[in-house]
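Below: one structure, written as structure tokens.
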Amino acid sequence: MAQTEQTTATSAPDLQTIRAAHERIRPQIHHTPVFTSESLDTMTGAHLFFKCENLQKTGSFKFRGATNAVFSLTDEEAKRGVVTVSSGNHGAALSLAARRRGIPAWIVMPGAAPRAKRQAVEAYGGRVTECEYDMASRDATCKTLQEKTGAILIHPYNNPRVIAGQGTAALELIEDVPDLDIVISPVSGGGLLSGTAISSKSLRPQIRVIGAEPKNADDAYRSLAAGQIEPAAKTQTIADGLRAVLCPLTFSILRQHVDEIALVTEEEILATMRLLWERLKLIVEPSGAVSAGIALHNKITARGKRIGIILSGGNLDLDQIPFVRAAK
């Protein structure tokens, strides 16, 4: 039987674990900047602080968690290589982290994943195996590949070391801007939001932690409302990186630490991407724009608040810019 996960504790990381992760990955990552915009502040009546993980290595926050997981492996585990399932950003991040550790990375990707994201995985040395878009096909393909190679699974979010690595983005944000009232993070499988919530509530207990989700992919919203993990929505969303479903680990963290999940429409995601380009001069992918959309489209009470917003990624096919296509 192939090993299904690297050897780690199954409990949620704490602030000490996240700080240790930050020390471990610090030589490998960018301490990403925090951008502000007077015009966007005027528009919302709030003070907005954008944590630019779109400027992280590999173009997304995923490099934090992947690097922490890979560099936490023992030498015996590492020599087996690593494998994962990813629509793109985690695959690219794991590929680069593995290359820096000097080990192979096998990445299972949906055949319909954005071309730019597959090219990035391959450019970082990842070995791509295609699957169908549904979760059953992804999991079955990954299991088969893992049994064939003997590689260690580095799950995109069901892994405490990945969550600890993702939590370093909020750790940096709150250390750079210590008096935030609210922090907003996208939610898909829940790794980034889990790490964000643990860091944020540990450093500033009174802060409100808000998850951002597309209305067309609202399973986290429904899950927290129902008190149980709900299945993925059947509708489609342009935010292709936010289609995963919570796992028991991330669900329990979100129930404990997250104050609210707020939703944005597809039209609002496109409008937010354009605003970020126009006002901040930043290219942000749809999944990364969802968190900003919550504040920019009045989905929460923002006026007078100091709000940290994690722009989670910027990997966009520039030949297929969605808000340009939508305007034609």
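So you can find residues: chains in the structure tokens are A, B, ... in the order shown, residues in each start at 1, and ligands are numbered from 1 in order.
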List as JSON lines every residue of segment 3-103 of chain A that is in contact with segment 182-194 of chain A, defined as an atom at most 10 Å from one of its atoms (using only C-alpha atoms), together with the nearest atom pair and the distance in Å rounded to one decimal, sorted by chain and then rising number.
```
{"residue": "A:Ala12", "atom": "CA", "partner": "A:Ser194", "partner_atom": "CA", "distance": 8.7}
{"residue": "A:Pro13", "atom": "CA", "partner": "A:Ser194", "partner_atom": "CA", "distance": 9.3}
{"residue": "A:Leu48", "atom": "CA", "partner": "A:Ile182", "partner_atom": "CA", "distance": 9.7}
{"residue": "A:Phe49", "atom": "CA", "partner": "A:Val183", "partner_atom": "CA", "distance": 9.2}
{"residue": "A:Phe50", "atom": "CA", "partner": "A:Ile184", "partner_atom": "CA", "distance": 9.7}
{"residue": "A:Lys51", "atom": "CA", "partner": "A:Ser185", "partner_atom": "CA", "distance": 10.0}
{"residue": "A:Phe61", "atom": "CA", "partner": "A:Leu192", "partner_atom": "CA", "distance": 8.0}
{"residue": "A:Lys62", "atom": "CA", "partner": "A:Leu192", "partner_atom": "CA", "distance": 8.3}
{"residue": "A:Arg64", "atom": "CA", "partner": "A:Leu192", "partner_atom": "CA", "distance": 9.9}
{"residue": "A:Gly65", "atom": "CA", "partner": "A:Gly191", "partner_atom": "CA", "distance": 8.7}
```
Q. What's the 12 Å shell around Gln166 of chain A, counting only C-alpha atoms, without same-chain residues fewer than 5 positions away, as number ranges by chain?
A. A: 13, 15, 17-19, 21-22, 25, 29, 53, 56, 60-69, 90, 93, 156-157, 159-161, 171-172, 185-186, 190-199, 310, 312
Q.
Please identify the helix (DSSP H, G or I) residues within segment 161-239 of chain A (assignment by DSSP from backbone atoms) and present them as an MDAnalysis selection string.
A. chainID A and resid 161:176 191:203 215:217 219:226
Q. Smallest atom-to-atom distance to Lys143 of chain A: which of A:Ile107, A:Leu242, A:Ile300, A:Ala289, using only C-alpha atoms?
A. A:Ile107
Q. In segment 11-161 of chain A, what's strand (DSSP E or B) per DSSP? Answer as a list in words?
A.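 Result set for segment 11-161 of chain A (strand (DSSP E or B)): Val34, Phe35, His47, Leu48, Phe49, Phe50, Lys51, Cys52, Ser60, Val82, Val83, Thr84, Val85, Ala105, Trp106, Ile107, Val108, Met109, Pro110, Arg127, Val128, Thr129, Glu130, Cys131, Ile152 and Leu153 of chain A.
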Save out the residues we just selected, C-alpha atoms, as a tab-separated table (two decimals), in the first residue's frame.
```tsv
chain	number	residue	atom	x	y	z
A	34	VAL	CA	0.98	45.39	1.27
A	35	PHE	CA	-0.59	47.83	-1.22
A	47	HIS	CA	-9.03	51.64	4.86
A	48	LEU	CA	-7.99	48.69	2.70
A	49	PHE	CA	-4.66	46.88	2.92
A	50	PHE	CA	-3.99	44.42	0.11
A	51	LYS	CA	-1.56	41.58	0.91
A	52	CYS	CA	-0.13	40.85	-2.54
A	60	SER	CA	0.33	32.56	-5.43
A	82	VAL	CA	5.93	14.04	-3.87
A	83	VAL	CA	2.55	13.86	-5.59
A	84	THR	CA	-0.59	15.97	-5.47
A	85	VAL	CA	-3.84	16.90	-7.18
A	105	ALA	CA	7.03	16.03	-8.17
A	106	TRP	CA	4.10	14.35	-9.89
A	107	ILE	CA	1.08	16.61	-10.42
A	108	VAL	CA	-2.41	15.38	-11.31
A	109	MET	CA	-4.26	18.13	-13.17
A	110	PRO	CA	-7.67	18.32	-14.87
A	127	ARG	CA	5.42	15.91	-14.19
A	128	VAL	CA	1.77	16.34	-15.24
A	129	THR	CA	-0.80	13.54	-15.44
A	130	GLU	CA	-4.23	14.58	-16.71
A	131	CYS	CA	-7.58	13.65	-15.16
A	152	ILE	CA	4.42	11.12	-0.63
A	153	LEU	CA	1.08	12.88	-0.99
```
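When only C-alpha atoms are used to measure the gap to Ala120 of chain A, the shortest distance among A:Ala239, A:Ala292, A:Ala220, A:Ala92 belongs to A:Ala92.
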Q | A:Asp134, A:Lys281, A:Arg115, A:Gln206 ranked by distance to Lys234 of chain A, top pick (using only C-alpha atoms) | A | A:Asp134
